[in-house]
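Comments concern the structure below.
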Amino acid sequence: MQCPKCHAPMHTYNRNGVQIEQCSGCRGIFLDYGELEALTRVEAQWSQPAPPPAAPQAYPSAPAPAWGAPQHGGHGGHYGGHHRHKSFGHMLFSS
Amino acid sequence: MTTDALPTGLAALVRRAAHPGAQDCSCGVTDTVLADRDDGTVVRHGDTVAKAHAPGTDPEELAVRVSVAAALPDVLLPPLSSASARVHDRTVTLWPYGTPVDPETPEAAPWEAVGALLARLHRAAAPAGLPPMRGPAKAARAVARLGAAGPHPAAAPVLRAWAALPGWARAEAPMPDTTTLCHGDLHLGQLVRRPEPAGPWLLIDVDDLGVGVPAWDLARPAAWYACGLLPPDEWHRFLAAYRRHGGPAVPADGDPWPALDVAARALTVQTAALAIAKSMAAGQPLDEVQQAVIDACDRMGTVPPELARGFAS
């Protein structure tokens, strides 16, 4: 999809379950029918008190990108850990 | 020029700088070559270090970069002199020696200090005439090196992840930030402390320093963390220190990833591209750490890059 304003390509994002198109050029946002209402609903839920956490976690849940390693949220640092991999040790110190 | 001529010439220069006015050095300290790579050769004599910058370095641009180090002695190791020398057609600058992080104990890395130093750097005013930070140019060079290394089965996902990045992250368009002072090549080898053993940590290496997107300086640790290499507690110590000192690259609280995503992808691609190129040159298979970085590039294909500014709070 192309931006109706500047004609740069638009990319789709998912924000709280709502699909949003954002222009890679002017950063304008396109909402389909009903998406503004969906966002407003999510916002209303957000401002209500949060439910108590389900269970204590071994690690605080750490935000990580969707393309991150699958072990995030668990023990993390699979190759980091106590005995750091030699290759990662080298990676830490080079351009 | 033979390969040994440059370190020899640097050694002569650094000895003269360490003993101004003396005819000969008789201090008994031996010269140490700290680095001898395509992008720089560094020779130490006692408390003094001479660095020959990469061939083709613009002396005027370098002078502006060195002046930033002189102006921010609490953040960057200040030079011994603002003047540069020429040795075997290379621009050479002189610096005091600082003790680096021990590569054998990276778990002792001073992540709080790194976060605080970057926040202070990003909040400092950049002088007029400072060129752009060269992070994206280095990433582009790594990808070009991968392309020149010939076909490799792991190259496709890396090149796909690269192609999905916005032009500024591939050094094909100006960066969206042209005022923030950035280091441009942060890793643990860019930290020294002085004086030994408990002096404050400082950043070194101004070759890629310039104005640009400050998230780039957080993106290498961010990429290591995202790839599952850097343990979460080390990443959080770094990020929390950066935020505590008012670093502007990420929102003060909440999810930092919309602001970090593009740069962290770019550094992941850069690391993967160099890993493949080096493994091909050495005739070695990729190890599990390198494979983890390539796997992350592969997963990027399923999620388009976040456009930070629209969502950064």
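Lettering and numbering for the structure tokens are positional, with chains as A, B, ... in the shown order, residues counted from 1 in each chain, and ligands counted from 1 in the shown order.
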*Once DSSP has gone over the backbone, tell me which residues of range 132-294 of chain B are in helix (DSSP H, G or I), as an NGL selection string.*
:B and (135-148 or 155-163 or 167-170 or 188-190 or 215-226 or 232-244 or 257-282 or 288-294)
Given the selection you just returned, output its residues as a file containing C-alpha atoms, formatted as a PDB file, in the first residue's frame.
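Once everything was written out, this is result.pdb:
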ATOM      1  CA  GLY B 135      27.763   3.693  12.113  1.00  0.00           C
ATOM      2  CA  PRO B 136      25.488   3.134   9.107  1.00  0.00           C
ATOM      3  CA  ALA B 137      28.483   3.483   6.750  1.00  0.00           C
ATOM      4  CA  LYS B 138      30.285   0.746   8.690  1.00  0.00           C
ATOM      5  CA  ALA B 139      27.242  -1.510   8.503  1.00  0.00           C
ATOM      6  CA  ALA B 140      27.086  -0.921   4.731  1.00  0.00           C
ATOM      7  CA  ARG B 141      30.777  -1.772   4.447  1.00  0.00           C
ATOM      8  CA  ALA B 142      30.240  -5.055   6.321  1.00  0.00           C
ATOM      9  CA  VAL B 143      27.393  -5.998   3.990  1.00  0.00           C
ATOM     10  CA  ALA B 144      29.545  -5.110   0.959  1.00  0.00           C
ATOM     11  CA  ARG B 145      32.278  -7.348   2.361  1.00  0.00           C
ATOM     12  CA  LEU B 146      29.772 -10.194   2.654  1.00  0.00           C
ATOM     13  CA  GLY B 147      28.734  -9.625  -0.958  1.00  0.00           C
ATOM     14  CA  ALA B 148      32.375  -9.695  -2.106  1.00  0.00           C
ATOM     15  CA  ALA B 155      24.020 -14.951   3.374  1.00  0.00           C
ATOM     16  CA  ALA B 156      20.434 -14.802   2.042  1.00  0.00           C
ATOM     17  CA  PRO B 157      18.591 -14.060   5.323  1.00  0.00           C
ATOM     18  CA  VAL B 158      21.233 -11.488   6.266  1.00  0.00           C
ATOM     19  CA  LEU B 159      20.889  -9.656   2.947  1.00  0.00           C
ATOM     20  CA  ARG B 160      17.077  -9.833   3.180  1.00  0.00           C
ATOM     21  CA  ALA B 161      17.127  -8.256   6.656  1.00  0.00           C
ATOM     22  CA  TRP B 162      19.464  -5.548   5.339  1.00  0.00           C
ATOM     23  CA  ALA B 163      17.212  -4.745   2.372  1.00  0.00           C
ATOM     24  CA  GLY B 167      17.748   4.046   3.737  1.00  0.00           C
ATOM     25  CA  TRP B 168      19.339   6.000   6.575  1.00  0.00           C
ATOM     26  CA  ALA B 169      20.341   2.792   8.382  1.00  0.00           C
ATOM     27  CA  ARG B 170      22.039   1.567   5.176  1.00  0.00           C
ATOM     28  CA  LEU B 188      33.561  -3.079  25.106  1.00  0.00           C
ATOM     29  CA  GLY B 189      36.928  -2.428  23.457  1.00  0.00           C
ATOM     30  CA  GLN B 190      36.034   1.283  23.385  1.00  0.00           C
ATOM     31  CA  ALA B 215      19.997   4.727  19.333  1.00  0.00           C
ATOM     32  CA  TRP B 216      22.886   3.461  17.201  1.00  0.00           C
ATOM     33  CA  ASP B 217      25.195   3.619  20.234  1.00  0.00           C
ATOM     34  CA  LEU B 218      22.805   1.444  22.266  1.00  0.00           C
ATOM     35  CA  ALA B 219      22.179  -0.925  19.404  1.00  0.00           C
ATOM     36  CA  ARG B 220      25.137  -3.274  19.767  1.00  0.00           C
ATOM     37  CA  PRO B 221      24.270  -4.281  23.363  1.00  0.00           C
ATOM     38  CA  ALA B 222      20.600  -4.280  22.298  1.00  0.00           C
ATOM     39  CA  ALA B 223      21.389  -6.640  19.422  1.00  0.00           C
ATOM     40  CA  TRP B 224      23.427  -8.968  21.676  1.00  0.00           C
ATOM     41  CA  TYR B 225      20.547  -9.048  24.145  1.00  0.00           C
ATOM     42  CA  ALA B 226      17.947  -9.615  21.426  1.00  0.00           C
ATOM     43  CA  PRO B 232      19.081  -9.829  30.594  1.00  0.00           C
ATOM     44  CA  ASP B 233      20.554  -8.450  33.835  1.00  0.00           C
ATOM     45  CA  GLU B 234      23.558  -6.963  32.000  1.00  0.00           C
ATOM     46  CA  TRP B 235      21.308  -5.407  29.365  1.00  0.00           C
ATOM     47  CA  HIS B 236      19.076  -3.930  32.075  1.00  0.00           C
ATOM     48  CA  ARG B 237      21.976  -2.524  34.063  1.00  0.00           C
ATOM     49  CA  PHE B 238      23.155  -0.754  30.903  1.00  0.00           C
ATOM     50  CA  LEU B 239      19.728   0.511  29.830  1.00  0.00           C
ATOM     51  CA  ALA B 240      18.741   1.626  33.350  1.00  0.00           C
ATOM     52  CA  ALA B 241      21.977   3.603  33.771  1.00  0.00           C
ATOM     53  CA  TYR B 242      21.448   5.260  30.389  1.00  0.00           C
ATOM     54  CA  ARG B 243      17.919   6.274  31.379  1.00  0.00           C
ATOM     55  CA  ARG B 244      18.956   7.363  34.878  1.00  0.00           C
ATOM     56  CA  TRP B 257      12.269  -1.241  21.427  1.00  0.00           C
ATOM     57  CA  PRO B 258      10.328   1.023  19.046  1.00  0.00           C
ATOM     58  CA  ALA B 259      13.270   3.458  19.381  1.00  0.00           C
ATOM     59  CA  LEU B 260      15.967   0.768  19.191  1.00  0.00           C
ATOM     60  CA  ASP B 261      14.538  -1.604  16.599  1.00  0.00           C
ATOM     61  CA  VAL B 262      16.038  -0.270  13.352  1.00  0.00           C
ATOM     62  CA  ALA B 263      19.523   0.298  14.755  1.00  0.00           C
ATOM     63  CA  ALA B 264      19.547  -3.056  16.607  1.00  0.00           C
ATOM     64  CA  ARG B 265      18.567  -4.802  13.371  1.00  0.00           C
ATOM     65  CA  ALA B 266      21.315  -2.976  11.495  1.00  0.00           C
ATOM     66  CA  LEU B 267      23.977  -3.977  14.053  1.00  0.00           C
ATOM     67  CA  THR B 268      22.705  -7.565  14.020  1.00  0.00           C
ATOM     68  CA  VAL B 269      23.036  -7.605  10.223  1.00  0.00           C
ATOM     69  CA  GLN B 270      26.508  -6.031  10.437  1.00  0.00           C
ATOM     70  CA  THR B 271      27.653  -8.639  12.985  1.00  0.00           C
ATOM     71  CA  ALA B 272      26.191 -11.507  10.937  1.00  0.00           C
ATOM     72  CA  ALA B 273      27.730 -10.218   7.685  1.00  0.00           C
ATOM     73  CA  LEU B 274      31.197  -9.947   9.228  1.00  0.00           C
ATOM     74  CA  ALA B 275      30.844 -13.365  10.884  1.00  0.00           C
ATOM     75  CA  ILE B 276      30.074 -15.043   7.555  1.00  0.00           C
ATOM     76  CA  ALA B 277      32.796 -13.132   5.665  1.00  0.00           C
ATOM     77  CA  LYS B 278      35.395 -13.964   8.325  1.00  0.00           C
ATOM     78  CA  SER B 279      34.394 -17.621   8.564  1.00  0.00           C
ATOM     79  CA  MET B 280      34.726 -17.921   4.764  1.00  0.00           C
ATOM     80  CA  ALA B 281      38.115 -16.206   4.778  1.00  0.00           C
ATOM     81  CA  ALA B 282      39.344 -18.510   7.536  1.00  0.00           C
ATOM     82  CA  GLU B 288      26.688 -21.368  17.549  1.00  0.00           C
ATOM     83  CA  VAL B 289      27.056 -17.725  18.593  1.00  0.00           C
ATOM     84  CA  GLN B 290      27.474 -16.566  14.994  1.00  0.00           C
ATOM     85  CA  GLN B 291      24.573 -18.804  13.983  1.00  0.00           C
ATOM     86  CA  ALA B 292      22.388 -17.166  16.677  1.00  0.00           C
ATOM     87  CA  VAL B 293      22.981 -13.762  15.050  1.00  0.00           C
ATOM     88  CA  ILE B 294      22.163 -15.116  11.571  1.00  0.00           C
TER      89      ILE B 294
END
Contacts between chain A and chain B, please, where a residue of chain B counts if it comes within 7 Å (with only C-alpha atoms); show its shortest atom pair and distance in Å to one decimal, rows by chain and ascending number, as CSV.
residue,atom,partner,partner_atom,distance
B:Pro103,CA,A:Gly89,CA,6.9
B:Pro106,CA,A:Gly89,CA,6.5
B:Asp185,CA,A:Ser95,CA,6.6
B:His187,CA,A:Phe93,CA,5.6
B:Leu188,CA,A:Phe93,CA,4.9
B:Gly189,CA,A:Phe93,CA,4.6
B:Ala226,CA,A:Gly68,CA,4.5
B:Cys227,CA,A:Ala69,CA,5.0
B:Gly228,CA,A:Gly77,CA,4.6
B:Leu229,CA,A:Gly80,CA,4.9
B:Leu230,CA,A:Gly80,CA,5.3
B:Pro231,CA,A:Gly77,CA,4.1
B:Pro232,CA,A:Gly76,CA,6.3
B:Asp255,CA,A:Pro63,CA,6.3
B:Trp257,CA,A:Pro65,CA,6.3
B:Val289,CA,A:Phe88,CA,6.3
B:Ala296,CA,A:Trp67,CA,6.0
B:Arg299,CA,A:Trp67,CA,5.1
B:Met300,CA,A:Trp67,CA,5.1
B:Val303,CA,A:Trp67,CA,6.9
B:Gly310,CA,A:Arg27,CA,6.2
Can I get the selection written as a PDB file, in the first residue's frame, with C-alpha atoms?
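Dumped to selection.pdb:
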ATOM      1  CA  PRO B 103      38.734  -9.370  27.304  1.00  0.00           C
ATOM      2  CA  PRO B 106      33.820  -9.563  29.898  1.00  0.00           C
ATOM      3  CA  ASP B 185      31.112   2.328  17.103  1.00  0.00           C
ATOM      4  CA  HIS B 187      31.698  -1.986  21.988  1.00  0.00           C
ATOM      5  CA  LEU B 188      33.561  -3.079  25.106  1.00  0.00           C
ATOM      6  CA  GLY B 189      36.928  -2.428  23.457  1.00  0.00           C
ATOM      7  CA  ALA B 226      17.947  -9.615  21.426  1.00  0.00           C
ATOM      8  CA  CYS B 227      20.011 -12.479  19.987  1.00  0.00           C
ATOM      9  CA  GLY B 228      20.057 -14.164  23.405  1.00  0.00           C
ATOM     10  CA  LEU B 229      23.803 -13.578  23.859  1.00  0.00           C
ATOM     11  CA  LEU B 230      23.898 -10.816  26.489  1.00  0.00           C
ATOM     12  CA  PRO B 231      22.208 -11.892  29.746  1.00  0.00           C
ATOM     13  CA  PRO B 232      19.081  -9.829  30.594  1.00  0.00           C
ATOM     14  CA  ASP B 255       9.194  -0.200  26.003  1.00  0.00           C
ATOM     15  CA  TRP B 257      12.269  -1.241  21.427  1.00  0.00           C
ATOM     16  CA  VAL B 289      27.056 -17.725  18.593  1.00  0.00           C
ATOM     17  CA  ALA B 296      17.898 -13.411  14.293  1.00  0.00           C
ATOM     18  CA  ARG B 299      13.376 -13.977  11.975  1.00  0.00           C
ATOM     19  CA  MET B 300      13.453 -10.273  11.027  1.00  0.00           C
ATOM     20  CA  VAL B 303       8.315  -8.625  11.255  1.00  0.00           C
ATOM     21  CA  GLY B 310       5.612   7.611  15.203  1.00  0.00           C
TER      22      GLY B 310
END
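Counting only C-alpha atoms and comparing B:Pro132, B:Pro166, B:Pro78, B:Pro20, the residue that lies closest to Leu203 in chain B is B:Pro78.
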*Using DSSP on the backbone coordinates, identify the residues of range 7-97 of chain B assigned to strand (DSSP E); present them as a PyMOL selection string.*
chain B and resi 32-37+40-45+48-53+85-87+90-96
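If you look at CA of Val114 in chain B and CA of Val49 in chain B, they are 22.4 Å away from each other.
What separates CA of Leu94 in chain B from CA of Arg44 in chain B is a distance of 9.8 Å.
Straight-line separation from CA of Phe30 in chain A to CA of Gly212 in chain B: 28.3 Å.
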